$ cat structure-v1.cif   # mmCIF, C-alpha atoms and all ligand atoms
data_coords
loop_
_atom_site.label_atom_id
_atom_site.label_comp_id
_atom_site.auth_asym_id
_atom_site.auth_seq_id
_atom_site.Cartn_x
_atom_site.Cartn_y
_atom_site.Cartn_z
CA LYS A 1448 -29.10 -97.35 -45.30
CA ARG A 1449 -30.36 -98.08 -48.83
CA VAL A 1450 -28.68 -101.06 -50.47
CA GLY A 1451 -28.51 -102.07 -54.13
CA ILE A 1452 -27.44 -105.64 -54.90
CA LEU A 1453 -25.53 -106.64 -58.05
CA ILE A 1454 -25.90 -110.22 -59.26
CA SER A 1455 -25.12 -112.35 -62.29
CA GLY A 1456 -26.77 -115.67 -61.49
CA ARG A 1457 -28.56 -117.78 -58.92
CA GLY A 1458 -28.83 -115.12 -56.24
CA SER A 1459 -28.77 -117.23 -53.09
CA ASN A 1460 -26.63 -114.67 -51.26
CA MET A 1461 -28.95 -111.95 -52.52
CA MET A 1462 -31.90 -113.83 -51.01
CA SER A 1463 -30.10 -114.12 -47.68
CA LEU A 1464 -29.66 -110.31 -47.66
CA ILE A 1465 -33.29 -109.73 -48.65
CA ALA A 1466 -34.48 -112.06 -45.88
CA ALA A 1467 -32.25 -110.44 -43.24
CA ALA A 1468 -33.28 -106.93 -44.26
CA ARG A 1469 -36.91 -107.82 -43.61
CA GLU A 1470 -36.17 -108.06 -39.88
CA LEU A 1471 -37.42 -105.04 -37.98
CA ASP A 1472 -34.12 -104.01 -36.43
CA TYR A 1473 -31.92 -104.60 -39.50
CA PRO A 1474 -30.02 -101.38 -40.35
CA ALA A 1475 -30.42 -101.61 -44.14
CA GLU A 1476 -33.15 -102.03 -46.71
CA ILE A 1477 -32.69 -103.64 -50.11
CA VAL A 1478 -34.00 -101.15 -52.67
CA CYS A 1479 -32.98 -102.75 -55.95
CA VAL A 1480 -31.33 -105.78 -57.53
CA LEU A 1481 -29.45 -105.25 -60.79
CA SER A 1482 -27.91 -107.85 -63.07
CA ASN A 1483 -25.58 -107.86 -66.06
CA ARG A 1484 -27.38 -111.00 -67.27
CA PRO A 1485 -31.08 -110.55 -68.11
CA GLU A 1486 -31.61 -114.30 -67.67
CA ALA A 1487 -30.12 -114.44 -64.15
CA GLU A 1488 -32.33 -116.64 -61.94
CA GLY A 1489 -31.89 -114.21 -59.09
CA LEU A 1490 -33.83 -111.50 -60.90
CA SER A 1491 -37.13 -113.40 -60.80
CA LYS A 1492 -36.50 -114.37 -57.17
CA ALA A 1493 -35.97 -110.71 -56.27
CA ALA A 1494 -39.06 -109.63 -58.21
CA ALA A 1495 -41.10 -112.31 -56.44
CA ALA A 1496 -39.85 -110.86 -53.15
CA GLY A 1497 -41.17 -107.46 -54.20
CA ILE A 1498 -37.80 -105.84 -54.91
CA ARG A 1499 -37.25 -103.55 -57.89
CA THR A 1500 -35.03 -105.23 -60.49
CA GLY A 1501 -33.09 -104.10 -63.53
CA ALA A 1502 -31.02 -105.87 -66.17
CA PHE A 1503 -28.22 -104.33 -68.18
CA ASP A 1504 -26.96 -106.88 -70.66
CA HIS A 1505 -23.24 -106.22 -70.82
CA LYS A 1506 -23.10 -107.90 -74.25
CA SER A 1507 -25.21 -105.13 -75.75
CA TYR A 1508 -22.67 -102.44 -74.82
CA GLY A 1509 -19.69 -101.41 -76.89
CA SER A 1510 -17.54 -100.73 -73.85
CA ARG A 1511 -17.24 -101.60 -70.18
CA GLU A 1512 -17.53 -97.89 -69.36
CA GLY A 1513 -20.87 -97.62 -71.19
CA PHE A 1514 -22.27 -100.59 -69.31
CA GLU A 1515 -21.04 -99.26 -65.97
CA ALA A 1516 -22.42 -95.78 -66.68
CA ASP A 1517 -25.94 -97.23 -66.97
CA LEU A 1518 -25.46 -99.40 -63.89
CA ASP A 1519 -24.23 -96.40 -61.97
CA LYS A 1520 -27.14 -94.27 -63.12
CA ALA A 1521 -29.63 -96.90 -61.95
CA LEU A 1522 -27.95 -97.19 -58.54
CA ARG A 1523 -27.95 -93.42 -58.08
CA ALA A 1524 -31.55 -93.11 -59.28
CA ALA A 1525 -32.52 -95.60 -56.56
CA GLU A 1526 -30.60 -93.43 -54.06
CA VAL A 1527 -28.42 -96.34 -53.04
CA ASP A 1528 -25.96 -95.80 -50.17
CA ILE A 1529 -24.23 -99.18 -50.25
CA VAL A 1530 -23.69 -101.54 -53.21
CA ALA A 1531 -23.51 -105.24 -52.32
CA CYS A 1532 -22.07 -107.53 -54.99
CA ALA A 1533 -23.45 -111.04 -54.66
CA GLY A 1534 -22.11 -113.35 -57.33
CA PHE A 1535 -21.61 -110.41 -59.70
CA MET A 1536 -19.25 -111.79 -62.32
CA ARG A 1537 -18.10 -108.68 -64.19
CA LYS A 1538 -14.73 -107.08 -63.66
CA MET A 1539 -15.17 -103.42 -62.80
CA THR A 1540 -13.10 -100.45 -63.93
CA ALA A 1541 -11.18 -98.42 -61.37
CA GLY A 1542 -13.40 -95.45 -62.23
CA PHE A 1543 -16.61 -97.25 -61.30
CA VAL A 1544 -15.07 -98.70 -58.13
CA GLU A 1545 -13.76 -95.28 -57.05
CA GLY A 1546 -17.23 -93.79 -57.50
CA TRP A 1547 -18.41 -96.14 -54.74
CA ARG A 1548 -15.26 -96.00 -52.62
CA ASP A 1549 -15.81 -97.63 -49.21
CA ARG A 1550 -19.48 -98.08 -50.09
CA MET A 1551 -19.27 -101.19 -52.28
CA ILE A 1552 -18.78 -104.65 -50.79
CA ASN A 1553 -18.40 -108.17 -52.14
CA ILE A 1554 -18.54 -111.75 -50.91
CA HIS A 1555 -15.83 -114.16 -52.00
CA PRO A 1556 -15.78 -117.91 -51.29
CA SER A 1557 -12.34 -118.19 -49.71
CA LEU A 1558 -10.40 -116.82 -46.77
CA LEU A 1559 -8.81 -113.86 -48.55
CA PRO A 1560 -6.08 -113.09 -49.39
CA SER A 1561 -5.86 -116.80 -50.24
CA PHE A 1562 -7.48 -117.97 -53.47
CA ARG A 1563 -8.53 -114.82 -55.23
CA GLY A 1564 -10.34 -115.31 -58.53
CA LEU A 1565 -12.35 -118.25 -59.82
CA ASP A 1566 -12.49 -121.96 -58.90
CA THR A 1567 -11.59 -121.26 -55.31
CA HIS A 1568 -12.79 -124.59 -53.93
CA ALA A 1569 -10.95 -126.74 -56.47
CA ARG A 1570 -7.79 -124.75 -55.80
CA ALA A 1571 -8.22 -125.02 -52.03
CA LEU A 1572 -8.53 -128.82 -52.33
CA GLU A 1573 -5.51 -128.96 -54.63
CA ALA A 1574 -3.47 -126.92 -52.16
CA GLY A 1575 -4.48 -129.28 -49.36
CA VAL A 1576 -5.61 -126.55 -46.98
CA LYS A 1577 -7.52 -127.88 -43.99
CA LEU A 1578 -9.51 -124.72 -43.43
CA THR A 1579 -11.20 -122.51 -45.99
CA GLY A 1580 -14.23 -120.25 -45.82
CA CYS A 1581 -15.62 -116.98 -47.08
CA THR A 1582 -14.87 -113.28 -46.85
CA VAL A 1583 -16.90 -110.09 -47.13
CA HIS A 1584 -14.67 -107.20 -48.14
CA VAL A 1585 -14.82 -103.64 -49.35
CA VAL A 1586 -14.29 -103.55 -53.12
CA ARG A 1587 -11.08 -102.05 -54.51
CA ALA A 1588 -10.02 -101.86 -58.16
CA GLU A 1589 -7.83 -104.96 -57.78
CA LEU A 1590 -9.92 -108.15 -58.12
CA ASP A 1591 -10.96 -109.81 -54.82
CA ALA A 1592 -8.90 -107.41 -52.76
CA GLY A 1593 -9.86 -104.73 -50.29
CA PRO A 1594 -10.44 -104.12 -46.58
CA ILE A 1595 -11.92 -107.20 -44.90
CA ILE A 1596 -15.16 -106.71 -42.95
CA ALA A 1597 -15.82 -110.29 -41.85
CA GLN A 1598 -14.74 -113.87 -42.48
CA ALA A 1599 -16.09 -117.31 -41.62
CA ALA A 1600 -13.94 -120.43 -41.51
CA VAL A 1601 -15.15 -123.76 -42.87
CA PRO A 1602 -13.16 -126.98 -42.36
CA VAL A 1603 -12.17 -129.10 -45.35
CA LEU A 1604 -13.40 -132.62 -44.66
CA GLU A 1605 -12.15 -136.01 -45.77
CA GLY A 1606 -13.76 -136.95 -49.09
CA ASP A 1607 -14.67 -133.38 -50.01
CA THR A 1608 -15.21 -132.63 -53.68
CA SER A 1609 -15.26 -129.02 -54.81
CA GLU A 1610 -19.08 -129.29 -55.04
CA ARG A 1611 -19.45 -130.54 -51.46
CA LEU A 1612 -17.05 -127.94 -50.17
CA ALA A 1613 -18.79 -125.19 -52.16
CA ALA A 1614 -22.15 -126.17 -50.65
CA ARG A 1615 -20.74 -126.05 -47.11
CA VAL A 1616 -19.03 -122.71 -47.71
CA LEU A 1617 -22.22 -121.32 -49.31
CA GLU A 1618 -24.15 -122.04 -46.11
CA ALA A 1619 -21.58 -120.01 -44.19
CA GLU A 1620 -21.85 -117.23 -46.80
CA HIS A 1621 -25.58 -116.95 -46.17
CA THR A 1622 -24.95 -116.13 -42.51
CA LEU A 1623 -21.82 -114.06 -43.01
CA TYR A 1624 -23.08 -111.64 -45.66
CA PRO A 1625 -26.11 -110.30 -43.75
CA HIS A 1626 -23.91 -109.97 -40.66
CA ALA A 1627 -21.18 -108.04 -42.50
CA LEU A 1628 -23.67 -105.75 -44.25
CA SER A 1629 -25.30 -104.93 -40.94
CA LEU A 1630 -21.89 -104.07 -39.43
CA LEU A 1631 -21.20 -101.59 -42.24
CA ALA A 1632 -24.72 -100.17 -42.57
CA SER A 1633 -25.04 -99.55 -38.85
CA GLY A 1634 -21.68 -97.79 -38.72
CA ARG A 1635 -20.20 -100.39 -36.35
CA ALA A 1636 -17.65 -101.33 -39.02
CA VAL A 1637 -15.56 -98.35 -40.12
CA VAL A 1638 -13.30 -98.39 -43.17
CA ALA A 1639 -10.01 -96.83 -42.09
CA GLY A 1640 -7.70 -96.83 -45.09
CA GLU A 1641 -7.09 -100.46 -46.00
CA ILE A 1642 -8.35 -101.88 -42.69
CA VAL A 1643 -11.86 -102.19 -41.35
CA GLN A 1644 -12.13 -101.30 -37.69
CA LEU A 1645 -14.66 -103.31 -35.75
CA PRO A 1646 -16.21 -102.59 -32.38
CA GLN A 1647 -14.67 -104.07 -29.26
CA GLY A 1648 -16.38 -107.07 -27.76
CA PRO A 1649 -18.68 -109.64 -29.31
CA ILE A 1650 -20.00 -108.79 -32.75
C1 LIG B 1 -21.01 -117.40 -54.16
O1 LIG B 1 -20.25 -118.51 -53.82
C2 LIG B 1 -20.20 -116.14 -54.01
O2 LIG B 1 -19.31 -116.17 -52.94
C3 LIG B 1 -19.45 -116.10 -55.31
O3 LIG B 1 -20.35 -116.56 -56.27
C4 LIG B 1 -21.35 -117.39 -55.65
C5 LIG B 1 -22.66 -116.76 -55.93
O4 LIG B 1 -23.73 -117.57 -55.52
N1 LIG B 1 -18.91 -114.79 -55.53
P1 LIG B 1 -25.20 -116.96 -55.42
O5 LIG B 1 -25.53 -116.33 -56.77
O6 LIG B 1 -25.22 -115.94 -54.32
O7 LIG B 1 -26.10 -118.12 -55.14
#

$ encode --input "structure-v1.cif" --output "structure tokens"
Amino acid sequence: KRVGILISGRGSNMMSLIAAARELDYPAEIVCVLSNRPEAEGLSKAAAAGIRTGAFDHKSYGSREGFEADLDKALRAAEVDIVACAGFMRKMTAGFVEGWRDRMINIHPSLLPSFRGLDTHARALEAGVKLTGCTVHVVRAELDAGPIIAQAAVPVLEGDTSERLAARVLEAEHTLYPHALSLLASGRAVVAGEIVQLPQGPI
């Protein structure tokens, strides 16, 4: 499967996907990395890894639809099968999301459906949860919602700040995302309505 990654910033999850996809038996290849921020650090990291990059500065568009039309065109020109959002910080219109129905995924730093949106770690600490984590899910028009492919749990430890917790969850993200993408790309994970069916036995 051909995968396009959407980023807005640092791109550490993107790098974990690029590294995983280099393995011989990985069922997906990363064919392009696109950003809505031309200055995103991840773009130079992707270019250094030999991946085609593109930047579409959302601020230079008059409408969200115009921006998304160009993004969509670039993804289709690269013959992308699966879109992987990795720290992509733009809300998407229902039209764009529907165009990639069941073929666009995202990683979110909480155990969804808890803590959708921003500042997940600060809110998890405030709520006093003892377990948090990260989720890879199929993208739906509603923000941080959609069929769940995989989750990893991370304990909240005594003395955690949101930075310390974020760093621990990020480590889990870097293992979870390549795993979840391989489940979908290989056909082992199947989107059935609003549920993702996984194979029996150890995955
Ligand atoms: C990650 O925590 C991801 O879950 C969230 O934004 C952060 C992106 O980090 N959506 P990076 O750009 O992958 O380093």

$ residues_near_ligand --input "structure-v1.cif" --ligand "ligand LIG 1 (chain B)" --cutoff "9 Å" --atoms "only C-alpha atoms and all ligand atoms" --output "PyMOL selection string"
chain A and resi 1454-1463+1487-1489+1532-1536+1553-1557+1565+1581-1583+1613-1614+1616-1617+1620-1621

$ atom_distance --input "structure-v1.cif" --atom1 "CA of Ser1633 in chain A" --atom2 "CA of Val1585 in chain A"
15.2 Å

$ residues_around --input "structure-v1.cif" --residues "Val1601 in chain A" --least-positions-apart "5" --cutoff "9 Å" --atoms "all atoms listed in the file" --output "PyMOL selection string"
chain A and resi 1577-1581+1612+1615-1616+1619

$ atom_distance --input "structure-v1.cif" --atom1 "CA of Asp1566 in chain A" --atom2 "CA of Thr1608 in chain A"
12.2 Å

$ residues_around --input "structure-v1.cif" --residues "range 1588-1593 of chain A" --least-positions-apart "6" --cutoff "8 Å" --atoms "all atoms listed in the file" --output "PDB file with C-alpha atoms, in the coordinates of the input"
ATOM      1  CA  LYS A1538     -14.730-107.080 -63.660  1.00  0.00           C
ATOM      2  CA  MET A1539     -15.170-103.420 -62.800  1.00  0.00           C
ATOM      3  CA  THR A1540     -13.100-100.450 -63.930  1.00  0.00           C
ATOM      4  CA  ALA A1541     -11.180 -98.420 -61.370  1.00  0.00           C
ATOM      5  CA  VAL A1544     -15.070 -98.700 -58.130  1.00  0.00           C
ATOM      6  CA  GLU A1545     -13.760 -95.280 -57.050  1.00  0.00           C
ATOM      7  CA  HIS A1555     -15.830-114.160 -52.000  1.00  0.00           C
ATOM      8  CA  LEU A1559      -8.810-113.860 -48.550  1.00  0.00           C
ATOM      9  CA  PRO A1560      -6.080-113.090 -49.390  1.00  0.00           C
ATOM     10  CA  ARG A1563      -8.530-114.820 -55.230  1.00  0.00           C
ATOM     11  CA  GLY A1564     -10.340-115.310 -58.530  1.00  0.00           C
ATOM     12  CA  GLU A1641      -7.090-100.460 -46.000  1.00  0.00           C
TER      13      GLU A1641
END

$ closest_residue --input "structure-v1.cif" --among "A:Arg1548, A:Arg1469, A:Arg1511, A:Arg1570" --to "Ile1529 in chain A" --atoms "only C-alpha atoms"
A:Arg1548

$ closest_residue --input "structure-v1.cif" --among "A:Leu1572, A:Val1637, A:Leu1558, A:Ala1516" --to "Ala1599 in chain A" --atoms "all atoms listed in the file"
A:Leu1558

$ atom_distance --input "structure-v1.cif" --atom1 "CA of Leu1522 in chain A" --atom2 "CA of Tyr1508 in chain A"
17.9 Å

$ residues_around --input "structure-v1.cif" --residues "range 1476-1486 of chain A" --least-positions-apart "6" --cutoff "9 Å" --atoms "only C-alpha atoms" --output "ChimeraX atom specification"
/A:1448-1456,1461,1464-1465,1468-1469,1493-1494,1498-1506,1514,1518,1521-1522,1525-1527,1535-1537

$ build_atoms --input "structure-v1.cif" --residues "range 1449-1473 of chain A" --atoms "N, CA and C atoms" --output "mmCIF file, keeping the file's coordinate frame"
data_model
loop_
_atom_site.group_PDB
_atom_site.id
_atom_site.type_symbol
_atom_site.label_atom_id
_atom_site.label_comp_id
_atom_site.auth_asym_id
_atom_site.auth_seq_id
_atom_site.Cartn_x
_atom_site.Cartn_y
_atom_site.Cartn_z
ATOM 1 N N ARG A 1449 -29.721 -97.487 -47.642
ATOM 2 C CA ARG A 1449 -30.360 -98.080 -48.830
ATOM 3 C C ARG A 1449 -29.318 -98.889 -49.602
ATOM 4 N N VAL A 1450 -29.652 -100.145 -49.864
ATOM 5 C CA VAL A 1450 -28.680 -101.060 -50.470
ATOM 6 C C VAL A 1450 -29.160 -101.527 -51.836
ATOM 7 N N GLY A 1451 -28.256 -101.482 -52.813
ATOM 8 C CA GLY A 1451 -28.510 -102.070 -54.130
ATOM 9 C C GLY A 1451 -27.639 -103.301 -54.261
ATOM 10 N N ILE A 1452 -28.204 -104.389 -54.761
ATOM 11 C CA ILE A 1452 -27.440 -105.640 -54.900
ATOM 12 C C ILE A 1452 -27.148 -105.887 -56.379
ATOM 13 N N LEU A 1453 -25.918 -106.270 -56.679
ATOM 14 C CA LEU A 1453 -25.530 -106.640 -58.050
ATOM 15 C C LEU A 1453 -25.353 -108.151 -58.119
ATOM 16 N N ILE A 1454 -25.993 -108.766 -59.096
ATOM 17 C CA ILE A 1454 -25.900 -110.220 -59.260
ATOM 18 C C ILE A 1454 -25.613 -110.565 -60.725
ATOM 19 N N SER A 1455 -25.240 -111.840 -60.929
ATOM 20 C CA SER A 1455 -25.120 -112.350 -62.290
ATOM 21 C C SER A 1455 -25.846 -113.679 -62.456
ATOM 22 N N GLY A 1456 -26.249 -114.295 -61.362
ATOM 23 C CA GLY A 1456 -26.770 -115.670 -61.490
ATOM 24 C C GLY A 1456 -27.858 -116.023 -60.512
ATOM 25 N N ARG A 1457 -27.598 -117.110 -59.801
ATOM 26 C CA ARG A 1457 -28.560 -117.780 -58.920
ATOM 27 C C ARG A 1457 -29.148 -116.878 -57.835
ATOM 28 N N GLY A 1458 -28.314 -116.086 -57.217
ATOM 29 C CA GLY A 1458 -28.830 -115.120 -56.240
ATOM 30 C C GLY A 1458 -29.156 -115.672 -54.863
ATOM 31 N N SER A 1459 -28.463 -116.722 -54.435
ATOM 32 C CA SER A 1459 -28.770 -117.230 -53.090
ATOM 33 C C SER A 1459 -28.253 -116.279 -52.016
ATOM 34 N N ASN A 1460 -27.109 -115.662 -52.225
ATOM 35 C CA ASN A 1460 -26.630 -114.670 -51.260
ATOM 36 C C ASN A 1460 -27.548 -113.446 -51.247
ATOM 37 N N MET A 1461 -27.985 -113.048 -52.420
ATOM 38 C CA MET A 1461 -28.950 -111.950 -52.520
ATOM 39 C C MET A 1461 -30.188 -112.244 -51.680
ATOM 40 N N MET A 1462 -30.709 -113.483 -51.780
ATOM 41 C CA MET A 1462 -31.900 -113.830 -51.010
ATOM 42 C C MET A 1462 -31.632 -113.795 -49.517
ATOM 43 N N SER A 1463 -30.402 -114.153 -49.119
ATOM 44 C CA SER A 1463 -30.100 -114.120 -47.680
ATOM 45 C C SER A 1463 -30.077 -112.659 -47.190
ATOM 46 N N LEU A 1464 -29.647 -111.743 -48.041
ATOM 47 C CA LEU A 1464 -29.660 -110.310 -47.660
ATOM 48 C C LEU A 1464 -31.097 -109.787 -47.623
ATOM 49 N N ILE A 1465 -31.893 -110.174 -48.610
ATOM 50 C CA ILE A 1465 -33.290 -109.730 -48.650
ATOM 51 C C ILE A 1465 -34.029 -110.232 -47.402
ATOM 52 N N ALA A 1466 -33.799 -111.491 -47.047
ATOM 53 C CA ALA A 1466 -34.480 -112.060 -45.880
ATOM 54 C C ALA A 1466 -34.045 -111.348 -44.603
ATOM 55 N N ALA A 1467 -32.752 -111.101 -44.462
ATOM 56 C CA ALA A 1467 -32.250 -110.440 -43.240
ATOM 57 C C ALA A 1467 -32.802 -109.025 -43.133
ATOM 58 N N ALA A 1468 -32.866 -108.341 -44.273
ATOM 59 C CA ALA A 1468 -33.280 -106.930 -44.260
ATOM 60 C C ALA A 1468 -34.760 -106.775 -43.931
ATOM 61 N N ARG A 1469 -35.485 -107.882 -43.971
ATOM 62 C CA ARG A 1469 -36.910 -107.820 -43.610
ATOM 63 C C ARG A 1469 -37.096 -107.743 -42.101
ATOM 64 N N GLU A 1470 -36.068 -108.118 -41.349
ATOM 65 C CA GLU A 1470 -36.170 -108.060 -39.880
ATOM 66 C C GLU A 1470 -36.291 -106.608 -39.458
ATOM 67 N N LEU A 1471 -37.106 -106.397 -38.432
ATOM 68 C CA LEU A 1471 -37.420 -105.040 -37.980
ATOM 69 C C LEU A 1471 -36.196 -104.202 -37.646
ATOM 70 N N ASP A 1472 -35.240 -104.805 -36.947
ATOM 71 C CA ASP A 1472 -34.120 -104.010 -36.430
ATOM 72 C C ASP A 1472 -32.906 -104.035 -37.361
ATOM 73 N N TYR A 1473 -33.065 -104.548 -38.583
ATOM 74 C CA TYR A 1473 -31.920 -104.600 -39.500
ATOM 75 C C TYR A 1473 -31.625 -103.180 -40.014
#
